[in-house]
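Structure file start.pdb; described as PDB, C-alpha atoms, pLDDT in the B column.
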```pdb
ATOM      1  CA  MET A   1       0.715   2.447  -1.839  1.00 42.00           C
ATOM      2  CA  GLU A   2       2.958  -4.983   3.734  1.00 43.00           C
ATOM      3  CA  ILE A   3      -3.146  -1.046   0.191  1.00 37.00           C
ATOM      4  CA  LEU A   4       1.808  -2.956  -1.496  1.00 39.00           C
ATOM      5  CA  LEU A   5       4.984  -9.258  -4.618  1.00 34.00           C
ATOM      6  CA  LYS A   6       6.480 -12.548  -5.131  1.00 36.00           C
ATOM      7  CA  ARG A   7       5.795 -12.101  -8.770  1.00 37.00           C
ATOM      8  CA  GLN A   8       6.919  -8.457  -8.652  1.00 39.00           C
ATOM      9  CA  GLY A   9      10.073  -9.373  -6.793  1.00 38.00           C
ATOM     10  CA  ARG A  10      10.927 -11.926  -9.441  1.00 37.00           C
ATOM     11  CA  ARG A  11      10.166  -9.526 -12.265  1.00 39.00           C
ATOM     12  CA  LEU A  12      12.142  -6.694 -10.716  1.00 36.00           C
ATOM     13  CA  CYS A  13      15.177  -8.890 -10.224  1.00 35.00           C
ATOM     14  CA  SER A  14      15.069 -10.280 -13.738  1.00 37.00           C
ATOM     15  CA  ALA A  15      13.970  -7.311 -15.780  1.00 36.00           C
ATOM     16  CA  VAL A  16      14.147  -4.376 -13.384  1.00 35.00           C
ATOM     17  CA  VAL A  17      10.809  -3.327 -14.769  1.00 35.00           C
ATOM     18  CA  LEU A  18       8.536  -3.603 -11.759  1.00 34.00           C
ATOM     19  CA  ALA A  19       8.318  -1.255  -8.909  1.00 36.00           C
ATOM     20  CA  ALA A  20       5.254  -2.484  -7.405  1.00 38.00           C
ATOM     21  CA  SER A  21       3.248  -2.443  -3.959  1.00 41.00           C
ATOM     22  CA  CYS A  22       2.347  -4.932  -1.634  1.00 41.00           C
ATOM     23  CA  VAL A  23      -0.689  -0.556  -0.342  1.00 40.00           C
ATOM     24  CA  THR A  24      -0.742  -1.423  -2.215  1.00 43.00           C
ATOM     25  CA  LEU A  25       2.066  -1.532  -3.867  1.00 49.00           C
ATOM     26  CA  ALA A  26       2.525  -5.435  -3.243  1.00 40.00           C
ATOM     27  CA  ALA A  27       4.136  -8.179  -1.235  1.00 39.00           C
ATOM     28  CA  CYS A  28       7.396 -10.010  -1.580  1.00 35.00           C
ATOM     29  CA  GLN A  29       6.304 -13.065   0.320  1.00 35.00           C
ATOM     30  CA  THR A  30       3.029 -14.914   0.398  1.00 37.00           C
ATOM     31  CA  GLY A  31       0.599 -13.284   2.758  1.00 49.00           C
ATOM     32  CA  ASP A  32       2.327  -9.997   3.323  1.00 53.00           C
ATOM     33  CA  SER A  33       1.741  -7.043   1.126  1.00 44.00           C
ATOM     34  CA  SER A  34       2.454  -3.536   1.664  1.00 42.00           C
ATOM     35  CA  VAL A  35       2.299  -0.885  -1.034  1.00 47.00           C
ATOM     36  CA  THR A  36       1.708  -1.827  -3.760  1.00 41.00           C
ATOM     37  CA  PRO A  37       2.435  -0.686  -1.807  1.00 44.00           C
ATOM     38  CA  ALA A  38       1.436  -3.829  -1.646  1.00 42.00           C
ATOM     39  CA  ALA A  39       2.645  -3.873   0.622  1.00 39.00           C
ATOM     40  CA  PRO A  40       1.531  -6.813   6.055  1.00 35.00           C
ATOM     41  CA  ALA A  41       0.883 -11.515  10.712  1.00 38.00           C
ATOM     42  CA  ALA A  42      -0.157 -14.970  10.188  1.00 38.00           C
ATOM     43  CA  ALA A  43      -1.557 -14.304   6.750  1.00 43.00           C
ATOM     44  CA  ASP A  44       0.943 -11.534   6.296  1.00 44.00           C
ATOM     45  CA  PRO A  45       3.766 -12.348   3.949  1.00 38.00           C
ATOM     46  CA  THR A  46       5.994  -9.501   3.003  1.00 35.00           C
ATOM     47  CA  PRO A  47       4.764  -4.843  -0.280  1.00 46.00           C
ATOM     48  CA  THR A  48       2.579  -2.839  -1.884  1.00 46.00           C
ATOM     49  CA  ILE A  49       2.630  -0.227  -0.580  1.00 49.00           C
ATOM     50  CA  ALA A  50       2.368  -2.322  -1.275  1.00 43.00           C
ATOM     51  CA  PRO A  51       0.141  -5.943  -0.590  1.00 42.00           C
ATOM     52  CA  GLU A  52       1.133  -8.966  -2.609  1.00 37.00           C
ATOM     53  CA  PRO A  53      -0.811  -8.693  -5.828  1.00 37.00           C
ATOM     54  CA  ASP A  54      -3.592 -11.181  -6.354  1.00 37.00           C
ATOM     55  CA  PRO A  55      -3.275 -12.460  -9.941  1.00 35.00           C
ATOM     56  CA  THR A  56      -7.031 -12.879 -10.141  1.00 34.00           C
ATOM     57  CA  SER A  57      -7.721  -9.235  -9.408  1.00 37.00           C
ATOM     58  CA  THR A  58      -4.761  -7.194 -10.613  1.00 36.00           C
ATOM     59  CA  ARG A  59      -5.512  -5.375 -13.840  1.00 36.00           C
ATOM     60  CA  PRO A  60      -3.906  -2.512 -15.728  1.00 39.00           C
ATOM     61  CA  THR A  61      -5.718   0.701 -14.937  1.00 41.00           C
ATOM     62  CA  ASP A  62      -4.825   4.351 -14.904  1.00 45.00           C
ATOM     63  CA  ALA A  63      -6.090   6.498 -12.066  1.00 43.00           C
ATOM     64  CA  SER A  64      -6.275   9.428 -14.463  1.00 39.00           C
ATOM     65  CA  ALA A  65      -8.833   7.511 -16.498  1.00 38.00           C
ATOM     66  CA  ALA A  66     -11.392   7.558 -13.706  1.00 43.00           C
ATOM     67  CA  ASP A  67     -14.437   9.702 -14.584  1.00 52.00           C
ATOM     68  CA  GLY A  68     -14.516  11.203 -11.109  1.00 59.00           C
ATOM     69  CA  ALA A  69     -17.810   9.550 -10.165  1.00 73.00           C
ATOM     70  CA  VAL A  70     -17.016   7.812  -6.887  1.00 84.00           C
ATOM     71  CA  PRO A  71     -19.731   5.480  -5.542  1.00 91.00           C
ATOM     72  CA  GLU A  72     -21.092   6.716  -2.228  1.00 94.00           C
ATOM     73  CA  GLU A  73     -20.125   3.546  -0.334  1.00 94.00           C
ATOM     74  CA  ILE A  74     -16.512   3.910  -1.484  1.00 95.00           C
ATOM     75  CA  ARG A  75     -16.453   7.619  -0.649  1.00 95.00           C
ATOM     76  CA  GLN A  76     -17.698   6.914   2.862  1.00 96.00           C
ATOM     77  CA  ALA A  77     -15.198   4.090   3.424  1.00 97.00           C
ATOM     78  CA  ASP A  78     -12.335   6.202   2.107  1.00 97.00           C
ATOM     79  CA  GLU A  79     -13.101   9.055   4.500  1.00 97.00           C
ATOM     80  CA  THR A  80     -12.884   6.935   7.658  1.00 98.00           C
ATOM     81  CA  GLU A  81     -10.125   7.284  10.221  1.00 98.00           C
ATOM     82  CA  GLU A  82      -8.959   3.765   9.363  1.00 98.00           C
ATOM     83  CA  ALA A  83      -8.536   4.624   5.662  1.00 98.00           C
ATOM     84  CA  LYS A  84      -6.696   7.848   6.496  1.00 98.00           C
ATOM     85  CA  THR A  85      -4.330   5.855   8.710  1.00 98.00           C
ATOM     86  CA  ILE A  86      -3.507   3.521   5.827  1.00 98.00           C
ATOM     87  CA  ARG A  87      -2.811   6.433   3.481  1.00 98.00           C
ATOM     88  CA  THR A  88      -0.431   7.917   6.045  1.00 98.00           C
ATOM     89  CA  PHE A  89       1.191   4.493   6.365  1.00 98.00           C
ATOM     90  CA  PHE A  90       1.676   4.223   2.600  1.00 98.00           C
ATOM     91  CA  SER A  91       3.097   7.740   2.546  1.00 98.00           C
ATOM     92  CA  GLY A  92       5.606   6.677   5.194  1.00 98.00           C
ATOM     93  CA  LEU A  93       6.564   3.620   3.153  1.00 98.00           C
ATOM     94  CA  ALA A  94       7.184   5.782   0.079  1.00 98.00           C
ATOM     95  CA  LYS A  95       9.328   8.201   2.102  1.00 98.00           C
ATOM     96  CA  GLY A  96      11.221   5.253   3.577  1.00 98.00           C
ATOM     97  CA  VAL A  97      12.131   4.047   0.078  1.00 98.00           C
ATOM     98  CA  ASN A  98      13.150   7.550  -1.040  1.00 98.00           C
ATOM     99  CA  ASP A  99      15.248   8.237   2.064  1.00 97.00           C
ATOM    100  CA  GLY A 100      16.599   4.732   2.521  1.00 97.00           C
ATOM    101  CA  ASP A 101      15.392   4.964   6.130  1.00 97.00           C
ATOM    102  CA  PHE A 102      12.146   3.455   7.413  1.00 98.00           C
ATOM    103  CA  ASP A 103      12.340   4.975  10.871  1.00 98.00           C
ATOM    104  CA  ASN A 104      10.128   7.964  10.071  1.00 98.00           C
ATOM    105  CA  GLN A 105       7.341   9.469  12.151  1.00 98.00           C
ATOM    106  CA  GLU A 106       4.550   8.467   9.772  1.00 98.00           C
ATOM    107  CA  LEU A 107       5.486   4.809  10.018  1.00 98.00           C
ATOM    108  CA  ARG A 108       5.957   4.998  13.784  1.00 98.00           C
ATOM    109  CA  ASP A 109       2.502   6.547  14.165  1.00 98.00           C
ATOM    110  CA  THR A 110       0.724   4.047  11.905  1.00 98.00           C
ATOM    111  CA  SER A 111       2.555   0.709  12.341  1.00 98.00           C
ATOM    112  CA  SER A 112       2.104  -1.922  15.022  1.00 98.00           C
ATOM    113  CA  GLN A 113       5.428  -2.986  16.557  1.00 96.00           C
ATOM    114  CA  GLU A 114       5.590  -6.132  14.431  1.00 96.00           C
ATOM    115  CA  ARG A 115       4.612  -4.228  11.312  1.00 98.00           C
ATOM    116  CA  PHE A 116       7.200  -1.530  11.971  1.00 98.00           C
ATOM    117  CA  GLU A 117       9.968  -4.118  12.134  1.00 97.00           C
ATOM    118  CA  ARG A 118       8.911  -5.561   8.764  1.00 96.00           C
ATOM    119  CA  ASN A 119       8.398  -2.376   6.757  1.00 97.00           C
ATOM    120  CA  GLU A 120      11.907  -2.197   5.330  1.00 97.00           C
ATOM    121  CA  GLN A 121      11.884  -5.850   4.254  1.00 96.00           C
ATOM    122  CA  THR A 122       8.445  -5.382   2.718  1.00 94.00           C
ATOM    123  CA  MET A 123       9.675  -2.552   0.502  1.00 96.00           C
ATOM    124  CA  ALA A 124      13.046  -4.104  -0.389  1.00 96.00           C
ATOM    125  CA  VAL A 125      11.952  -4.627  -4.020  1.00 94.00           C
ATOM    126  CA  TYR A 126      11.826  -0.840  -4.455  1.00 95.00           C
ATOM    127  CA  GLU A 127      15.440  -0.256  -3.470  1.00 95.00           C
ATOM    128  CA  GLY A 128      17.044   2.199  -5.885  1.00 96.00           C
ATOM    129  CA  LEU A 129      13.689   3.578  -7.051  1.00 98.00           C
ATOM    130  CA  HIS A 130      11.899   6.793  -6.133  1.00 98.00           C
ATOM    131  CA  PHE A 131       8.266   7.547  -5.381  1.00 98.00           C
ATOM    132  CA  PRO A 132       7.071  10.945  -6.685  1.00 98.00           C
ATOM    133  CA  GLY A 133       4.435  10.992  -3.954  1.00 98.00           C
ATOM    134  CA  PRO A 134       2.565   8.834  -1.435  1.00 98.00           C
ATOM    135  CA  ILE A 135       1.516   5.419  -2.707  1.00 98.00           C
ATOM    136  CA  PRO A 136      -2.068   5.891  -3.970  1.00 98.00           C
ATOM    137  CA  PHE A 137      -4.668   4.024  -1.950  1.00 98.00           C
ATOM    138  CA  THR A 138      -8.477   3.989  -1.894  1.00 98.00           C
ATOM    139  CA  ALA A 139     -10.499   2.112   0.714  1.00 98.00           C
ATOM    140  CA  THR A 140     -13.601   0.334  -0.583  1.00 97.00           C
ATOM    141  CA  ASP A 141     -14.879  -1.299   2.629  1.00 97.00           C
ATOM    142  CA  VAL A 142     -14.180  -0.736   6.315  1.00 98.00           C
ATOM    143  CA  THR A 143     -15.287  -2.939   9.216  1.00 97.00           C
ATOM    144  CA  SER A 144     -14.416  -1.983  12.793  1.00 96.00           C
ATOM    145  CA  SER A 145     -15.096  -3.775  16.050  1.00 94.00           C
ATOM    146  CA  GLY A 146     -13.589  -2.489  19.264  1.00 93.00           C
ATOM    147  CA  GLN A 147      -9.814  -2.525  19.026  1.00 96.00           C
ATOM    148  CA  TYR A 148      -9.704  -4.180  15.599  1.00 98.00           C
ATOM    149  CA  ALA A 149     -10.532  -3.082  12.072  1.00 98.00           C
ATOM    150  CA  SER A 150     -10.391  -4.671   8.631  1.00 98.00           C
ATOM    151  CA  VAL A 151     -10.096  -2.527   5.520  1.00 98.00           C
ATOM    152  CA  ILE A 152     -10.396  -3.669   1.928  1.00 98.00           C
ATOM    153  CA  GLY A 153      -8.827  -1.281  -0.539  1.00 98.00           C
ATOM    154  CA  CYS A 154      -6.958  -0.789  -3.790  1.00 98.00           C
ATOM    155  CA  SER A 155      -3.436   0.502  -4.276  1.00 97.00           C
ATOM    156  CA  VAL A 156      -0.808   0.741  -6.986  1.00 95.00           C
ATOM    157  CA  ASP A 157       1.373  -2.233  -7.842  1.00 91.00           C
ATOM    158  CA  THR A 158       3.512  -0.831 -10.657  1.00 94.00           C
ATOM    159  CA  GLY A 159       3.819   2.356 -12.678  1.00 97.00           C
ATOM    160  CA  TRP A 160       4.170   4.794  -9.764  1.00 98.00           C
ATOM    161  CA  ALA A 161       7.743   4.295  -8.556  1.00 98.00           C
ATOM    162  CA  GLN A 162      10.365   5.851 -10.847  1.00 98.00           C
ATOM    163  CA  ASN A 163      13.908   5.061 -11.923  1.00 97.00           C
ATOM    164  CA  GLU A 164      16.857   7.466 -11.725  1.00 96.00           C
ATOM    165  CA  ALA A 165      15.735   9.127 -14.949  1.00 96.00           C
ATOM    166  CA  GLY A 166      12.388   9.963 -13.399  1.00 96.00           C
ATOM    167  CA  GLU A 167      10.523   7.465 -15.586  1.00 97.00           C
ATOM    168  CA  PRO A 168       7.759   5.224 -14.196  1.00 97.00           C
ATOM    169  CA  VAL A 169       8.891   1.612 -13.811  1.00 96.00           C
ATOM    170  CA  GLY A 170       6.329  -0.733 -15.321  1.00 95.00           C
ATOM    171  CA  THR A 171       2.799  -0.223 -16.607  1.00 95.00           C
ATOM    172  CA  TRP A 172       0.260   1.268 -14.219  1.00 95.00           C
ATOM    173  CA  THR A 173      -1.409  -1.672 -12.473  1.00 94.00           C
ATOM    174  CA  THR A 174      -3.397  -1.969  -9.276  1.00 95.00           C
ATOM    175  CA  SER A 175      -4.405  -4.710  -6.869  1.00 94.00           C
ATOM    176  CA  ALA A 176      -6.594  -5.104  -3.803  1.00 97.00           C
ATOM    177  CA  ALA A 177      -5.491  -5.855  -0.267  1.00 97.00           C
ATOM    178  CA  ARG A 178      -7.105  -6.635   3.067  1.00 98.00           C
ATOM    179  CA  ILE A 179      -5.407  -4.547   5.723  1.00 98.00           C
ATOM    180  CA  GLU A 180      -5.884  -5.429   9.387  1.00 98.00           C
ATOM    181  CA  LEU A 181      -5.479  -2.649  11.930  1.00 98.00           C
ATOM    182  CA  ILE A 182      -5.289  -2.671  15.717  1.00 98.00           C
ATOM    183  CA  ARG A 183      -5.958   0.139  18.177  1.00 97.00           C
ATOM    184  CA  GLU A 184      -2.889   1.142  20.193  1.00 94.00           C
ATOM    185  CA  ASP A 185      -2.245   4.319  22.161  1.00 89.00           C
ATOM    186  CA  ASP A 186      -5.600   5.624  20.978  1.00 93.00           C
ATOM    187  CA  ARG A 187      -4.477   5.299  17.329  1.00 96.00           C
ATOM    188  CA  TRP A 188      -5.243   2.889  14.523  1.00 98.00           C
ATOM    189  CA  LYS A 189      -2.114   1.063  13.414  1.00 98.00           C
ATOM    190  CA  VAL A 190      -1.525  -1.167  10.398  1.00 98.00           C
ATOM    191  CA  ASP A 191      -0.728  -4.699  11.479  1.00 98.00           C
ATOM    192  CA  VAL A 192      -1.289  -7.237   8.683  1.00 97.00           C
ATOM    193  CA  ILE A 193      -1.658  -6.845   4.912  1.00 96.00           C
ATOM    194  CA  SER A 194      -2.789  -9.691   2.672  1.00 96.00           C
ATOM    195  CA  PRO A 195      -4.160 -10.034  -0.877  1.00 94.00           C
ATOM    196  CA  SER A 196      -7.869  -9.594  -1.588  1.00 95.00           C
ATOM    197  CA  GLY A 197      -9.940 -10.712  -4.558  1.00 91.00           C
ATOM    198  CA  VAL A 198     -11.703  -7.358  -4.975  1.00 93.00           C
ATOM    199  CA  ASP A 199     -11.747  -5.991  -8.531  1.00 94.00           C
ATOM    200  CA  CYS A 200      -9.927  -2.639  -8.583  1.00 95.00           C
ATOM    201  CA  THR A 201     -10.567  -1.859 -12.250  1.00 91.00           C
ATOM    202  CA  ASP A 202     -13.080   0.921 -11.614  1.00 91.00           C
ATOM    203  CA  VAL A 203     -11.803   2.124  -8.254  1.00 95.00           C
ATOM    204  CA  PRO A 204     -10.341   5.658  -8.544  1.00 94.00           C
ATOM    205  CA  LEU A 205      -6.840   6.233  -7.174  1.00 96.00           C
ATOM    206  CA  GLU A 206      -5.482   9.713  -6.615  1.00 94.00           C
ATOM    207  CA  LYS A 207      -1.985  10.494  -7.858  1.00 95.00           C
ATOM    208  CA  LYS A 208      -0.585  13.043  -5.440  1.00 95.00           C
ATOM    209  CA  GLU A 209       2.986  14.280  -5.739  1.00 96.00           C
ATOM    210  CA  TRP A 210       5.119  15.684  -2.931  1.00 95.00           C
ATOM    211  CA  GLN A 211       4.913  19.424  -2.507  1.00 86.00           C
TER     212      GLN A 211
END
```

Represent the structure of the file as structure tokens.
Amino acid sequence: MEILLKRQGRRLCSAVVLAASCVTLAACQTGDSSVTPAAPAAADPTPTIAPEPDPTSTRPTDASAADGAVPEEIRQADETEEAKTIRTFFSGLAKGVNDGDFDNQELRDTSSQERFERNEQTMAVYEGLHFPGPIPFTATDVTSSGQYASVIGCSVDTGWAQNEAGEPVGTWTTSAARIELIREDDRWKVDVISPSGVDCTDVPLEKKEWQ
């Protein structure tokens, strides 16, 4: 799930083994993560789906290993409008990678103007890969004040995007991101994504494939 990547970018170029997020999958430049998506302005470097992974918090973990017991505070944060916006954003990033076109409706609906113009660059490390579904993202804390919101959450860095053979690229790893949103046209929109030091080890992430 600019929830995603300097390190991922380097590893992907040298070994073609990382697919990560800056949303978590992760960022390609310091400050900006998107997908690993992680994957987004002053503190925003380039995902993860990804935000740029924070080496102090990224740990291997498999969403399927979660016991299903989600702490109430996480459940409440993950059900907010802000968290749902980020999941739609990460879904749009994944579709952008798959289609080779980041001008899709999901990204238009959930990206600030500056963010929208950076989405393709943020996900450049995933070029040639395929996401089997939206980039997994779980919000752990949401703070809103007027037209601004800050969401802390976990997303996938590696192990979700696939190569041409349909095999996951890299070991399943996650990282945390702080995602700043702004209110525009009566909608929350993702604006900046940066690394967070939150421990994602025990945070459940849902693997959801396209229908």

Using the chain letters and numbers from this file, what does the PyMOL selection byres ((chain A and resi 85-89) around 8) select? Give the answer as a list in words.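 With the shown file as input, the PyMOL selection byres ((chain A and resi 85-89) around 8) matches Met1, Ile3, Val23, Glu81, Glu82, Ala83, Lys84, Phe90, Ser91, Gly92, Leu93, Glu106, Leu107, Thr110, Ser111, Pro134, Ile135, Pro136, Phe137, Trp188, Lys189 and Val190 of chain A.
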
Include C-alpha atoms and write out the residues we just selected as a PDB file, keeping the file's coordinate frame.
```pdb
ATOM      1  CA  MET A   1       0.715   2.447  -1.839  1.00 42.00           C
ATOM      2  CA  ILE A   3      -3.146  -1.046   0.191  1.00 37.00           C
ATOM      3  CA  VAL A  23      -0.689  -0.556  -0.342  1.00 40.00           C
ATOM      4  CA  GLU A  81     -10.125   7.284  10.221  1.00 98.00           C
ATOM      5  CA  GLU A  82      -8.959   3.765   9.363  1.00 98.00           C
ATOM      6  CA  ALA A  83      -8.536   4.624   5.662  1.00 98.00           C
ATOM      7  CA  LYS A  84      -6.696   7.848   6.496  1.00 98.00           C
ATOM      8  CA  PHE A  90       1.676   4.223   2.600  1.00 98.00           C
ATOM      9  CA  SER A  91       3.097   7.740   2.546  1.00 98.00           C
ATOM     10  CA  GLY A  92       5.606   6.677   5.194  1.00 98.00           C
ATOM     11  CA  LEU A  93       6.564   3.620   3.153  1.00 98.00           C
ATOM     12  CA  GLU A 106       4.550   8.467   9.772  1.00 98.00           C
ATOM     13  CA  LEU A 107       5.486   4.809  10.018  1.00 98.00           C
ATOM     14  CA  THR A 110       0.724   4.047  11.905  1.00 98.00           C
ATOM     15  CA  SER A 111       2.555   0.709  12.341  1.00 98.00           C
ATOM     16  CA  PRO A 134       2.565   8.834  -1.435  1.00 98.00           C
ATOM     17  CA  ILE A 135       1.516   5.419  -2.707  1.00 98.00           C
ATOM     18  CA  PRO A 136      -2.068   5.891  -3.970  1.00 98.00           C
ATOM     19  CA  PHE A 137      -4.668   4.024  -1.950  1.00 98.00           C
ATOM     20  CA  TRP A 188      -5.243   2.889  14.523  1.00 98.00           C
ATOM     21  CA  LYS A 189      -2.114   1.063  13.414  1.00 98.00           C
ATOM     22  CA  VAL A 190      -1.525  -1.167  10.398  1.00 98.00           C
TER      23      VAL A 190
END
```

Distance in Å - CA of Arg75 (chain A) versus CA of Gly146 (chain A):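 Pair CA of Arg75 (chain A) / CA of Gly146 (chain A) returns 22.5 Å.
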
Counting all atoms listed in the file, which residues come within 8 Å of (-10.1, 1.8, 19.2), with the point read in the file's coordinates, and could you list them as a list in words? Gly146, Gln147, Tyr148, Ile182, Arg183, Glu184, Asp186, Arg187 and Trp188 of chain A

Take the PyMOL selection byres ((chain A and resi 116) around 12), apply it to the structure above, and return the hits as a ChimeraX atom specification. /A:2,34,40-41,89,92-93,96,101-115,117-123,189-192

For CA of Lys95 (chain A) and CA of Glu127 (chain A), quote the distance in Å rounded to one decimal.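 CA of Glu127 (chain A) lies 11.8 Å from CA of Lys95 (chain A).
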
Excluding Glu73 (chain A) and its own-chain neighbours fewer than 6 positions away, which residues fall within 10 Å of it when counting only C-alpha atoms? Please give them as a VMD selection string. chain A and resid 139 to 142

Minimum-distance residue to Val203 (chain A), chosen among A:Gly100, A:Gly133, A:Gly153, A:Gly128 (using all atoms listed in the file):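 Distance minimum relative to Val203 (chain A) lands on A:Gly153.
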
From the set A:Gln162, A:Ser196, A:Ser150, A:Gln76, which residue has the shortest atom-to-atom contact distance to Leu129 (chain A), counting all atoms listed in the file? A:Gln162

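Across A:Leu181, A:Glu167, A:His130, A:Val198, the tightest approach to Val151 (chain A) is made by A:Leu181 when counting only C-alpha atoms.
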
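Of the listed residues (A:Ala94, A:Asp199, A:Ser144, A:Ala165), A:Ser144 comes nearest to Glu180 (chain A); the distances count all atoms listed in the file.
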
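The space between CA of Pro71 (chain A) and CA of Gly170 (chain A) spans 28.5 Å.
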
Can you report as AutoDock Vina command-line options the centre and edge lengths in Å, to one decimal, of an axis-aligned box around the listed atoms of region 139-155 of chain A padded with 3 Å on each side?
```
--center_x -9.4 --center_y -1.3 --center_z 7.5 --size_x 17.9 --size_y 12.8 --size_z 29.5
```

Just need region 125-132 of chain A in a file, please: all heavy atoms, as a PDB file, in the first residue's frame.
```
ATOM      1  N   VAL A 125       9.619   2.593  -8.759  1.00  0.00           N
ATOM      2  CA  VAL A 125      10.388   1.386  -8.441  1.00  0.00           C
ATOM      3  C   VAL A 125       9.599   0.119  -8.720  1.00  0.00           C
ATOM      4  O   VAL A 125      10.156  -0.979  -8.741  1.00  0.00           O
ATOM      5  CB  VAL A 125      10.830   1.376  -6.969  1.00  0.00           C
ATOM      6  CG1 VAL A 125      11.815   2.481  -6.690  1.00  0.00           C
ATOM      7  CG2 VAL A 125       9.632   1.470  -6.041  1.00  0.00           C
ATOM      8  N   TYR A 126       8.292   0.241  -8.938  1.00  0.00           N
ATOM      9  CA  TYR A 126       7.460  -0.940  -9.196  1.00  0.00           C
ATOM     10  C   TYR A 126       7.240  -1.187 -10.688  1.00  0.00           C
ATOM     11  O   TYR A 126       6.501  -2.093 -11.067  1.00  0.00           O
ATOM     12  CB  TYR A 126       6.100  -0.774  -8.525  1.00  0.00           C
ATOM     13  CG  TYR A 126       6.184  -0.673  -7.031  1.00  0.00           C
ATOM     14  CD1 TYR A 126       6.027   0.546  -6.390  1.00  0.00           C
ATOM     15  CD2 TYR A 126       6.441  -1.799  -6.246  1.00  0.00           C
ATOM     16  CE1 TYR A 126       6.125   0.652  -5.024  1.00  0.00           C
ATOM     17  CE2 TYR A 126       6.534  -1.699  -4.884  1.00  0.00           C
ATOM     18  CZ  TYR A 126       6.383  -0.479  -4.263  1.00  0.00           C
ATOM     19  OH  TYR A 126       6.479  -0.376  -2.901  1.00  0.00           O
ATOM     20  N   GLU A 127       7.852  -0.380 -11.521  1.00  0.00           N
ATOM     21  CA  GLU A 127       7.652  -0.531 -12.960  1.00  0.00           C
ATOM     22  C   GLU A 127       7.990  -1.955 -13.398  1.00  0.00           C
ATOM     23  O   GLU A 127       9.026  -2.516 -13.031  1.00  0.00           O
ATOM     24  CB  GLU A 127       8.527   0.460 -13.735  1.00  0.00           C
ATOM     25  CG  GLU A 127       8.287   0.421 -15.230  1.00  0.00           C
ATOM     26  CD  GLU A 127       9.079   1.487 -15.973  1.00  0.00           C
ATOM     27  OE1 GLU A 127       9.784   2.286 -15.300  1.00  0.00           O
ATOM     28  OE2 GLU A 127       9.000   1.523 -17.212  1.00  0.00           O
ATOM     29  N   GLY A 128       7.097  -2.560 -14.167  1.00  0.00           N
ATOM     30  CA  GLY A 128       7.314  -3.924 -14.636  1.00  0.00           C
ATOM     31  C   GLY A 128       6.751  -4.974 -13.705  1.00  0.00           C
ATOM     32  O   GLY A 128       6.729  -6.159 -14.047  1.00  0.00           O
ATOM     33  N   LEU A 129       6.269  -4.566 -12.534  1.00  0.00           N
ATOM     34  CA  LEU A 129       5.686  -5.512 -11.578  1.00  0.00           C
ATOM     35  C   LEU A 129       4.165  -5.403 -11.616  1.00  0.00           C
ATOM     36  O   LEU A 129       3.593  -4.546 -12.296  1.00  0.00           O
ATOM     37  CB  LEU A 129       6.209  -5.237 -10.166  1.00  0.00           C
ATOM     38  CG  LEU A 129       7.727  -5.361  -9.993  1.00  0.00           C
ATOM     39  CD1 LEU A 129       8.122  -5.054  -8.556  1.00  0.00           C
ATOM     40  CD2 LEU A 129       8.202  -6.754 -10.387  1.00  0.00           C
ATOM     41  N   HIS A 130       3.512  -6.284 -10.873  1.00  0.00           N
ATOM     42  CA  HIS A 130       2.049  -6.326 -10.872  1.00  0.00           C
ATOM     43  C   HIS A 130       1.546  -6.527  -9.458  1.00  0.00           C
ATOM     44  O   HIS A 130       2.065  -7.374  -8.721  1.00  0.00           O
ATOM     45  CB  HIS A 130       1.570  -7.477 -11.757  1.00  0.00           C
ATOM     46  CG  HIS A 130       0.085  -7.686 -11.723  1.00  0.00           C
ATOM     47  ND1 HIS A 130      -0.788  -6.975 -12.519  1.00  0.00           N
ATOM     48  CD2 HIS A 130      -0.687  -8.522 -10.962  1.00  0.00           C
ATOM     49  CE1 HIS A 130      -2.025  -7.362 -12.254  1.00  0.00           C
ATOM     50  NE2 HIS A 130      -1.998  -8.291 -11.329  1.00  0.00           N
ATOM     51  N   PHE A 131       0.537  -5.758  -9.067  1.00  0.00           N
ATOM     52  CA  PHE A 131      -0.078  -5.940  -7.764  1.00  0.00           C
ATOM     53  C   PHE A 131      -1.329  -6.801  -7.907  1.00  0.00           C
ATOM     54  O   PHE A 131      -2.202  -6.489  -8.715  1.00  0.00           O
ATOM     55  CB  PHE A 131      -0.466  -4.588  -7.154  1.00  0.00           C
ATOM     56  CG  PHE A 131       0.697  -3.801  -6.633  1.00  0.00           C
ATOM     57  CD1 PHE A 131       1.221  -2.735  -7.347  1.00  0.00           C
ATOM     58  CD2 PHE A 131       1.287  -4.138  -5.420  1.00  0.00           C
ATOM     59  CE1 PHE A 131       2.301  -2.005  -6.864  1.00  0.00           C
ATOM     60  CE2 PHE A 131       2.376  -3.419  -4.921  1.00  0.00           C
ATOM     61  CZ  PHE A 131       2.885  -2.349  -5.653  1.00  0.00           C
ATOM     62  N   PRO A 132      -1.434  -7.889  -7.141  1.00  0.00           N
ATOM     63  CA  PRO A 132      -2.607  -8.769  -7.239  1.00  0.00           C
ATOM     64  C   PRO A 132      -3.855  -8.151  -6.627  1.00  0.00           C
ATOM     65  O   PRO A 132      -4.965  -8.665  -6.792  1.00  0.00           O
ATOM     66  CB  PRO A 132      -2.169 -10.010  -6.458  1.00  0.00           C
ATOM     67  CG  PRO A 132      -1.216  -9.472  -5.442  1.00  0.00           C
ATOM     68  CD  PRO A 132      -0.454  -8.398  -6.166  1.00  0.00           C
TER      69      PRO A 132
END
```
